Amino acid sequence: MNLVEYYNSNITAIYQRVIALYNKGQPAYEADVATPKLELIPVPKPGDKLNRAVYLWTIDCIKQLEAVVNALIDVYNDNGVIDYDVGDTPDVDLWLPERLAIDDLYIAKLSDDFEACNKALDGLDKNLQPFLAGV
């Protein structure tokens with residue numbers, strides 16, 4: 001598995017969904033909300049193998065991903081775009097790599113991070129639907 005490509009492709013897809021949900025939610029916002037410009041953190045040149053700089057890059061990527069998704073959750077919560085049976089959408093809390101070893105556990109936890117983000121975005125989209133029904 002190409003770890004850098006795995007990060008980049010999943011994070012890019014999630015960022016695209018976040019931007020789409022910012023734009024899609026505009027009719028429900030009580031005030032103007034600017035759609036952020038989201039960019040991947042450039043990967044350091046790893047050379048022949050992954051190194052500490054790439055390891056630190058992976059942590060930065062996950063921290064930024066968590067911040068981006070939670071910022072959208074905050075916008076939706078602040079504007080009342082919630083499931084009224086449940087209340088505010090909780091923030092996502094993503095796993096951060098704590099070691100250099102890339103094994104099955106690492107990949108599974110990383111996959112769980114991406115799944116958690118997509119699940120949160122699915123929930124936000126579902127919460128938005130009643131607001132768009134009258135638009």
# chains A, B, ... in the order shown; residues from 1 in each chain; ligands from 1

call {"tool": "residues_around", "arguments": {"residues": "Tyr22 in chain A", "least_positions_apart": "3", "cutoff": "8 Å", "atoms": "only C-alpha atoms", "output": "compact mmCIF listing (two decimals) with N, CA and C atoms, in the first residue's frame"}}
result
# COMPACT_ATOMS: atom_id res chain seq x y z
N VAL A 18 -16.85 18.04 2.53
CA VAL A 18 -17.00 19.14 3.48
C VAL A 18 -17.37 20.42 2.74
N ILE A 19 -16.66 20.73 1.67
CA ILE A 19 -16.96 21.94 0.88
C ILE A 19 -18.38 21.87 0.32
N GLY A 25 -25.51 23.78 2.68
CA GLY A 25 -26.18 24.27 3.88
C GLY A 25 -26.47 25.76 3.89
N GLN A 26 -26.00 26.51 2.90
CA GLN A 26 -26.17 27.97 2.88
C GLN A 26 -27.60 28.42 3.15
N VAL A 33 -21.91 32.35 5.97
CA VAL A 33 -20.82 31.46 6.35
C VAL A 33 -19.94 31.28 5.13
N THR A 35 -17.33 29.58 2.79
CA THR A 35 -16.85 28.24 2.49
C THR A 35 -15.33 28.28 2.52
N LEU A 72 -17.07 22.25 10.40
CA LEU A 72 -18.37 22.12 9.72
C LEU A 72 -19.45 21.68 10.70

call {"tool": "residues_around", "arguments": {"residues": "Asp91 in chain A", "least_positions_apart": "5", "cutoff": "10 Å", "atoms": "only C-alpha atoms", "output": "PDB file with N, CA, C and O atoms, in the first residue's frame"}}
result
ATOM      1  N   GLU A  66      -9.425  16.445  11.262  1.00  0.00           N
ATOM      2  CA  GLU A  66     -10.325  16.537  12.415  1.00  0.00           C
ATOM      3  C   GLU A  66     -10.836  17.968  12.592  1.00  0.00           C
ATOM      4  O   GLU A  66     -12.035  18.180  12.800  1.00  0.00           O
ATOM      5  N   ALA A  67      -9.954  18.938  12.470  1.00  0.00           N
ATOM      6  CA  ALA A  67     -10.347  20.343  12.645  1.00  0.00           C
ATOM      7  C   ALA A  67     -11.338  20.778  11.570  1.00  0.00           C
ATOM      8  O   ALA A  67     -12.306  21.491  11.859  1.00  0.00           O
ATOM      9  N   VAL A  69     -13.461  18.875   9.733  1.00  0.00           N
ATOM     10  CA  VAL A  69     -14.774  18.241   9.915  1.00  0.00           C
ATOM     11  C   VAL A  69     -15.483  18.842  11.127  1.00  0.00           C
ATOM     12  O   VAL A  69     -16.678  19.148  11.073  1.00  0.00           O
ATOM     13  N   ASN A  70     -14.750  19.059  12.218  1.00  0.00           N
ATOM     14  CA  ASN A  70     -15.370  19.635  13.416  1.00  0.00           C
ATOM     15  C   ASN A  70     -15.815  21.079  13.196  1.00  0.00           C
ATOM     16  O   ASN A  70     -16.811  21.515  13.779  1.00  0.00           O
ATOM     17  N   ALA A  71     -15.123  21.822  12.359  1.00  0.00           N
ATOM     18  CA  ALA A  71     -15.547  23.193  12.046  1.00  0.00           C
ATOM     19  C   ALA A  71     -16.895  23.173  11.327  1.00  0.00           C
ATOM     20  O   ALA A  71     -17.777  23.992  11.622  1.00  0.00           O
ATOM     21  N   LEU A  72     -17.074  22.248  10.404  1.00  0.00           N
ATOM     22  CA  LEU A  72     -18.365  22.121   9.718  1.00  0.00           C
ATOM     23  C   LEU A  72     -19.446  21.685  10.696  1.00  0.00           C
ATOM     24  O   LEU A  72     -20.560  22.223  10.671  1.00  0.00           O
ATOM     25  N   ILE A  73     -19.131  20.739  11.555  1.00  0.00           N
ATOM     26  CA  ILE A  73     -20.103  20.305  12.579  1.00  0.00           C
ATOM     27  C   ILE A  73     -20.521  21.497  13.435  1.00  0.00           C
ATOM     28  O   ILE A  73     -21.707  21.687  13.713  1.00  0.00           O
ATOM     29  N   ASP A  74     -19.561  22.338  13.828  1.00  0.00           N
ATOM     30  CA  ASP A  74     -19.871  23.519  14.638  1.00  0.00           C
ATOM     31  C   ASP A  74     -20.800  24.480  13.889  1.00  0.00           C
ATOM     32  O   ASP A  74     -21.734  25.034  14.482  1.00  0.00           O
ATOM     33  N   CYS A 117     -15.185  10.198   9.781  1.00  0.00           N
ATOM     34  CA  CYS A 117     -15.437  11.478   9.104  1.00  0.00           C
ATOM     35  C   CYS A 117     -16.605  11.352   8.140  1.00  0.00           C
ATOM     36  O   CYS A 117     -17.509  12.201   8.125  1.00  0.00           O
ATOM     37  N   ALA A 120     -19.901  11.080  10.012  1.00  0.00           N
ATOM     38  CA  ALA A 120     -20.325  12.384  10.521  1.00  0.00           C
ATOM     39  C   ALA A 120     -20.900  13.244   9.393  1.00  0.00           C
ATOM     40  O   ALA A 120     -21.938  13.897   9.576  1.00  0.00           O
TER      41      ALA A 120
END

call {"tool": "residues_around", "arguments": {"residues": "Val54 in chain A", "least_positions_apart": "3", "cutoff": "9 Å", "atoms": "only C-alpha atoms", "output": "PDB file with C-alpha atoms, in the first residue's frame"}}
result
ATOM      1  CA  VAL A   4       0.896   8.800   1.129  1.00  0.00           C
ATOM      2  CA  VAL A  43       4.019  15.753   1.806  1.00  0.00           C
ATOM      3  CA  PRO A  44       7.730  16.004   2.539  1.00  0.00           C
ATOM      4  CA  LYS A  45       9.951  14.144   0.101  1.00  0.00           C
ATOM      5  CA  PRO A  46      10.324  10.714   1.686  1.00  0.00           C
ATOM      6  CA  LEU A  50       9.067   6.653   4.888  1.00  0.00           C
ATOM      7  CA  ASN A  51      10.902   8.758   7.435  1.00  0.00           C
ATOM      8  CA  TRP A  57       3.108  14.819   8.154  1.00  0.00           C
ATOM      9  CA  THR A  58       0.620  11.994   8.821  1.00  0.00           C
ATOM     10  CA  ILE A  59      -0.124  13.423  12.264  1.00  0.00           C
TER      11      ILE A  59
END

call {"tool": "closest_residue", "arguments": {"among": "A:Tyr76, A:Trp95, A:Tyr106, A:Tyr55", "to": "Pro27 in chain A", "atoms": "only C-alpha atoms"}}
result
A:Tyr76

call {"tool": "select_by_dssp", "arguments": {"residues": "range 3-109 of chain A", "states": "helix (DSSP H, G or I)", "output": "MDAnalysis selection string"}}
result
chainID A and resid 3:24 26:28 52:78 104:109

call {"tool": "atom_distance", "arguments": {"atom1": "CA of Lys126 in chain A", "atom2": "CA of Asn79 in chain A"}}
result
14.8 Å

call {"tool": "closest_residue", "arguments": {"among": "A:Glu39, A:Asp60, A:Asp32, A:Asp83", "to": "Phe131 in chain A", "atoms": "only C-alpha atoms"}}
result
A:Asp83

call {"tool": "atom_distance", "arguments": {"atom1": "CA of Leu65 in chain A", "atom2": "CA of Ile11 in chain A"}}
result
7.1 Å

call {"tool": "closest_residue", "arguments": {"among": "A:Lys109, A:Asn8, A:Leu38, A:Tyr84", "to": "Ala20 in chain A", "atoms": "only C-alpha atoms"}}
result
A:Leu38

call {"tool": "decode", "arguments": {"residues": "range 24-36 of chain A", "atoms": "all heavy atoms", "output": "PDB file, in the first residue's frame"}}
result
ATOM      1  N   LYS A  24     -24.039  23.471   0.376  1.00  0.00           N
ATOM      2  CA  LYS A  24     -25.406  22.943   0.402  1.00  0.00           C
ATOM      3  C   LYS A  24     -26.193  23.508   1.582  1.00  0.00           C
ATOM      4  O   LYS A  24     -27.397  23.720   1.495  1.00  0.00           O
ATOM      5  CB  LYS A  24     -25.342  21.416   0.480  1.00  0.00           C
ATOM      6  CG  LYS A  24     -26.635  20.709   0.267  1.00  0.00           C
ATOM      7  CD  LYS A  24     -26.386  19.195   0.245  1.00  0.00           C
ATOM      8  CE  LYS A  24     -27.654  18.421   0.032  1.00  0.00           C
ATOM      9  NZ  LYS A  24     -27.396  16.959   0.036  1.00  0.00           N
ATOM     10  N   GLY A  25     -25.509  23.780   2.683  1.00  0.00           N
ATOM     11  CA  GLY A  25     -26.179  24.269   3.879  1.00  0.00           C
ATOM     12  C   GLY A  25     -26.475  25.759   3.887  1.00  0.00           C
ATOM     13  O   GLY A  25     -27.160  26.244   4.793  1.00  0.00           O
ATOM     14  N   GLN A  26     -25.999  26.507   2.898  1.00  0.00           N
ATOM     15  CA  GLN A  26     -26.167  27.966   2.884  1.00  0.00           C
ATOM     16  C   GLN A  26     -27.604  28.422   3.151  1.00  0.00           C
ATOM     17  O   GLN A  26     -27.803  29.381   3.899  1.00  0.00           O
ATOM     18  CB  GLN A  26     -25.659  28.560   1.558  1.00  0.00           C
ATOM     19  CG  GLN A  26     -24.158  28.521   1.367  1.00  0.00           C
ATOM     20  CD  GLN A  26     -23.374  29.428   2.314  1.00  0.00           C
ATOM     21  OE1 GLN A  26     -23.898  30.346   2.918  1.00  0.00           O
ATOM     22  NE2 GLN A  26     -22.093  29.124   2.443  1.00  0.00           N
ATOM     23  N   PRO A  27     -28.627  27.772   2.577  1.00  0.00           N
ATOM     24  CA  PRO A  27     -29.994  28.245   2.863  1.00  0.00           C
ATOM     25  C   PRO A  27     -30.404  28.125   4.333  1.00  0.00           C
ATOM     26  O   PRO A  27     -31.304  28.826   4.780  1.00  0.00           O
ATOM     27  CB  PRO A  27     -30.873  27.335   1.994  1.00  0.00           C
ATOM     28  CG  PRO A  27     -29.972  26.798   0.941  1.00  0.00           C
ATOM     29  CD  PRO A  27     -28.608  26.719   1.557  1.00  0.00           C
ATOM     30  N   ALA A  28     -29.751  27.273   5.091  1.00  0.00           N
ATOM     31  CA  ALA A  28     -30.135  27.059   6.490  1.00  0.00           C
ATOM     32  C   ALA A  28     -29.357  27.926   7.469  1.00  0.00           C
ATOM     33  O   ALA A  28     -29.697  27.989   8.640  1.00  0.00           O
ATOM     34  CB  ALA A  28     -29.935  25.582   6.851  1.00  0.00           C
ATOM     35  N   TYR A  29     -28.334  28.610   6.991  1.00  0.00           N
ATOM     36  CA  TYR A  29     -27.500  29.396   7.899  1.00  0.00           C
ATOM     37  C   TYR A  29     -28.197  30.697   8.256  1.00  0.00           C
ATOM     38  O   TYR A  29     -28.783  31.366   7.407  1.00  0.00           O
ATOM     39  CB  TYR A  29     -26.140  29.716   7.278  1.00  0.00           C
ATOM     40  CG  TYR A  29     -25.321  28.508   6.872  1.00  0.00           C
ATOM     41  CD1 TYR A  29     -24.419  28.594   5.829  1.00  0.00           C
ATOM     42  CD2 TYR A  29     -25.438  27.291   7.523  1.00  0.00           C
ATOM     43  CE1 TYR A  29     -23.651  27.491   5.444  1.00  0.00           C
ATOM     44  CE2 TYR A  29     -24.686  26.193   7.150  1.00  0.00           C
ATOM     45  CZ  TYR A  29     -23.794  26.297   6.110  1.00  0.00           C
ATOM     46  OH  TYR A  29     -23.050  25.219   5.730  1.00  0.00           O
ATOM     47  N   GLU A  30     -28.096  31.072   9.513  1.00  0.00           N
ATOM     48  CA  GLU A  30     -28.700  32.316   9.987  1.00  0.00           C
ATOM     49  C   GLU A  30     -27.881  33.536   9.587  1.00  0.00           C
ATOM     50  O   GLU A  30     -28.393  34.640   9.546  1.00  0.00           O
ATOM     51  CB  GLU A  30     -28.868  32.250  11.506  1.00  0.00           C
ATOM     52  CG  GLU A  30     -29.837  31.164  11.935  1.00  0.00           C
ATOM     53  CD  GLU A  30     -29.886  30.957  13.431  1.00  0.00           C
ATOM     54  OE1 GLU A  30     -29.261  31.730  14.182  1.00  0.00           O
ATOM     55  OE2 GLU A  30     -30.558  30.007  13.857  1.00  0.00           O
ATOM     56  N   ALA A  31     -26.610  33.348   9.342  1.00  0.00           N
ATOM     57  CA  ALA A  31     -25.714  34.423   8.909  1.00  0.00           C
ATOM     58  C   ALA A  31     -24.838  33.870   7.793  1.00  0.00           C
ATOM     59  O   ALA A  31     -24.776  32.655   7.578  1.00  0.00           O
ATOM     60  CB  ALA A  31     -24.854  34.899  10.078  1.00  0.00           C
ATOM     61  N   ASP A  32     -24.169  34.765   7.095  1.00  0.00           N
ATOM     62  CA  ASP A  32     -23.271  34.313   6.031  1.00  0.00           C
ATOM     63  C   ASP A  32     -22.151  33.467   6.609  1.00  0.00           C
ATOM     64  O   ASP A  32     -21.538  33.821   7.622  1.00  0.00           O
ATOM     65  CB  ASP A  32     -22.666  35.510   5.288  1.00  0.00           C
ATOM     66  CG  ASP A  32     -23.681  36.200   4.391  1.00  0.00           C
ATOM     67  OD1 ASP A  32     -24.694  35.558   4.033  1.00  0.00           O
ATOM     68  OD2 ASP A  32     -23.452  37.378   4.037  1.00  0.00           O
ATOM     69  N   VAL A  33     -21.912  32.355   5.967  1.00  0.00           N
ATOM     70  CA  VAL A  33     -20.823  31.457   6.348  1.00  0.00           C
ATOM     71  C   VAL A  33     -19.937  31.281   5.126  1.00  0.00           C
ATOM     72  O   VAL A  33     -20.408  30.873   4.070  1.00  0.00           O
ATOM     73  CB  VAL A  33     -21.357  30.083   6.830  1.00  0.00           C
ATOM     74  CG1 VAL A  33     -20.209  29.122   7.065  1.00  0.00           C
ATOM     75  CG2 VAL A  33     -22.199  30.253   8.078  1.00  0.00           C
ATOM     76  N   ALA A  34     -18.686  31.626   5.294  1.00  0.00           N
ATOM     77  CA  ALA A  34     -17.746  31.494   4.182  1.00  0.00           C
ATOM     78  C   ALA A  34     -17.340  30.035   4.019  1.00  0.00           C
ATOM     79  O   ALA A  34     -17.061  29.342   4.995  1.00  0.00           O
ATOM     80  CB  ALA A  34     -16.510  32.353   4.430  1.00  0.00           C
ATOM     81  N   THR A  35     -17.328  29.585   2.788  1.00  0.00           N
ATOM     82  CA  THR A  35     -16.849  28.238   2.489  1.00  0.00           C
ATOM     83  C   THR A  35     -15.330  28.275   2.518  1.00  0.00           C
ATOM     84  O   THR A  35     -14.720  29.065   1.805  1.00  0.00           O
ATOM     85  CB  THR A  35     -17.349  27.777   1.107  1.00  0.00           C
ATOM     86  OG1 THR A  35     -18.774  27.838   1.098  1.00  0.00           O
ATOM     87  CG2 THR A  35     -16.892  26.362   0.811  1.00  0.00           C
ATOM     88  N   PRO A  36     -14.720  27.432   3.332  1.00  0.00           N
ATOM     89  CA  PRO A  36     -13.259  27.476   3.423  1.00  0.00           C
ATOM     90  C   PRO A  36     -12.595  26.912   2.177  1.00  0.00           C
ATOM     91  O   PRO A  36     -13.189  26.121   1.436  1.00  0.00           O
ATOM     92  CB  PRO A  36     -12.958  26.593   4.632  1.00  0.00           C
ATOM     93  CG  PRO A  36     -14.081  25.626   4.665  1.00  0.00           C
ATOM     94  CD  PRO A  36     -15.289  26.385   4.177  1.00  0.00           C
TER      95      PRO A  36
END
